[in-house]
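J.: One structure is given below, represented as structure tokens, and several questions about it will come after.
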Amino acid sequence: MELTIVDNYQEMSERAAALVVAAVETKPAAVLGLATGSTPEGMYARLVKLSREGKVDFSRVTTFNLDEYAGLAPEHEQSYFYYMHHHLFNLINIGPEQINMPGCDLENVEQFCLEYDQRIAAAGGIDLQVLGIGGNGHIGFNEPGNQLRVSTHLVDLTEDTILANSRFFKAVEEVPRQAVTMGLGSIMLAGKIVLLASGKAKAEAIARTVCGLVTTEVPASFLQLHRDVTIIADREAAALIS
Ligand code: GLP
């Protein structure tokens, strides 16, 4: 694991955007795995700026998002479909046929999940996967517990996550109880992974990810087993690494 500790959120965002730009420069038809949440917003803003300045070209890129709430319509302001279009897709040169989101009809969720992983494989696999991290160590919506799933699947969100994400909703009751997420295996197959973390709320999860045991209780700890992971953390998020 390569750990880059930066001063603040802005620097984290710029470093992360630079890695995305480098991936697309190296391979114009790169396959990007993308994350949502408040952490990557600054990275997306930077990518939009660089795209407007002609410094990065997304016209041949394919994207796969990590996760999506189950049962939220794409037009719902808290759906990850809405988030991605609002922060990135509507603002760069990318077409709908290049974008893959794991939002689906819940009646056919198993088939959808199977096909989502097949679509990733058919695209040649993910070249660069961007991740955030939950305060409980989750990545995507792979929650801590006794076991982790390998493939894309429907997951019950933990109370921790529902509470943490309720800040985006009017009331905690409005937070969906389930989500579709890429599994740990789907994430670990990416050629390169960059995990972003900012703020003291992430400090314990980052310390356990970097120097703790590899355990299903901290899903991000499995990243220790990947050969090309870069963690970009600001000082607050890195504060508990010993
Ligand atoms: C959410 C998402 C994750 C995200 C994490 C942290 O629940 N499913 O993909 O990385 O929680 O979110 P934030 O960046 O807002 O702290």
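We label chains A, B, ... in the order they appear in the structure tokens, count residues from 1 in each chain, and number ligands from 1 in the order shown.
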Hey, which residues sit close to ligand 1? Say within 7 Å, counting only C-alpha atoms and all ligand atoms, and write them as a list in words.
T.: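 Written in the requested form, the residues are Ala35, Thr36, Gly37, Ser38, Thr39, Pro40, Leu66, Asp67, Leu131, Gly132, Ile133, Gly134, Ile139, Gly140, Phe141, Thr161 and Asn165 of chain A.
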J.: Mind the document's chain letters and residue numbers, and return as a ChimeraX atom specification the residues of stretch 1-186 of chain A that DSSP labels helix (DSSP H, G or I).
T.: /A:9-26,41-52,80-87,89-91,96-98,106-122,159-168,172-174,184-186
J.: Please list as a PyMOL selection string every residue within 10 Å of A:Glu25, counting only C-alpha atoms and excluding residues in the same chain fewer than 4 positions away.
T.: chain A and resi 19-21+29-30+55-58
J.: Hey, can you check how far atom CA of A:Ala123 sits from atom CA of A:Ala17?
T.: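 Between atom CA of A:Ala123 and atom CA of A:Ala17 the gap works out to 22.2 Å.
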J.: Let's see if you can do this: from backbone DSSP, list all strand (DSSP E) residues in stretch 200-242 of chain A, as number ranges by chain.
T.: A: 229-234
J.: Please produce a file of the residues just selected, as a compact mmCIF listing (two decimals), in the first residue's frame, where the atoms kept are N, CA, C and O atoms.
T.:
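Listed below is the output, selection-v6.txt:
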```
# COMPACT_ATOMS: atom_id res chain seq x y z
N VAL A 229 -2.41 -0.23 -4.46
CA VAL A 229 -3.38 0.64 -3.76
C VAL A 229 -2.66 1.90 -3.30
O VAL A 229 -1.59 1.84 -2.71
N THR A 230 -3.26 3.04 -3.60
CA THR A 230 -2.76 4.31 -3.06
C THR A 230 -3.83 4.88 -2.15
O THR A 230 -5.00 5.01 -2.58
N ILE A 231 -3.45 5.18 -0.93
CA ILE A 231 -4.39 5.86 -0.02
C ILE A 231 -3.97 7.32 0.04
O ILE A 231 -2.79 7.62 0.30
N ILE A 232 -4.89 8.20 -0.25
CA ILE A 232 -4.60 9.63 -0.11
C ILE A 232 -5.46 10.12 1.05
O ILE A 232 -6.70 10.15 0.96
N ALA A 233 -4.80 10.44 2.14
CA ALA A 233 -5.51 10.86 3.36
C ALA A 233 -4.99 12.21 3.81
O ALA A 233 -3.79 12.48 3.70
N ASP A 234 -5.90 13.03 4.30
CA ASP A 234 -5.40 14.30 4.86
C ASP A 234 -4.91 14.05 6.29
O ASP A 234 -5.07 12.94 6.83
```
J.: Return the single residue from A:Ala22, A:Ala179, A:Leu189, A:Ala205 that is closest to A:His226, with distances computed using only C-alpha atoms.
T.: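 Closest to A:His226 of all the choices is A:Leu189.
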J.: Write out as a Markdown table a residue-level contact list of stretch 98-138 of chain A versus stretch 71-90 of chain A with cut-off 12 Å: for each qualifying residue the closest pair of atoms and the distance in Å to one decimal, counting only C-alpha atoms, rows sorted by chain and residue number upward.
T.:
```
| residue | atom | partner | partner_atom | distance |
| --- | --- | --- | --- | --- |
| A:Gln98 | CA | A:Phe89 | CA | 10.0 |
| A:Ile99 | CA | A:Phe89 | CA | 8.4 |
| A:Asn100 | CA | A:Phe81 | CA | 9.5 |
| A:Met101 | CA | A:Phe81 | CA | 6.8 |
| A:Pro102 | CA | A:Phe81 | CA | 8.8 |
| A:Gly103 | CA | A:Phe81 | CA | 7.6 |
| A:Cys104 | CA | A:Gly71 | CA | 7.9 |
| A:Asp105 | CA | A:Gly71 | CA | 7.7 |
| A:Leu106 | CA | A:Gly71 | CA | 7.0 |
| A:Glu107 | CA | A:Gly71 | CA | 10.4 |
| A:Val109 | CA | A:Gly71 | CA | 10.8 |
```
J.: For A:Pro96, which residue out of A:Val61, A:Ala70, A:Leu114, A:Ile120 is the nearest one, using only C-alpha atoms?
T.: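 The answer is A:Val61, which sits nearest to A:Pro96.
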J.: Here is a test: counting only C-alpha atoms, which residue of A:Gly191, A:Gly137, A:Gly145, A:Gly185 is nearest to A:Val210?
T.: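 The answer is A:Gly137, which sits nearest to A:Val210.
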J.: Do you have the atom CA of A:Val180-atom CA of A:Leu154 distance handy?
T.: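 Going from atom CA of A:Val180 over to atom CA of A:Leu154, I get 4.4 Å.
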J.: So which one's closest to A:Gln178, A:Thr158, A:Ser51, A:Gln129, A:Gln10? Using only C-alpha atoms, please.
T.: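 For A:Gln178, the nearest of the candidates is A:Thr158.
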J.: I'd like to know which of A:Leu91, A:Ala18, A:Leu240, A:Ile126 is closest to A:Lys192, using only C-alpha atoms.
T.: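 Nearest to A:Lys192: A:Ile126.
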J.: My list of candidates is A:Pro176, A:Gly54, A:Gly33, A:Gly183. Which is closest to A:Leu195 when distances are computed with only C-alpha atoms?
T.: A:Gly33
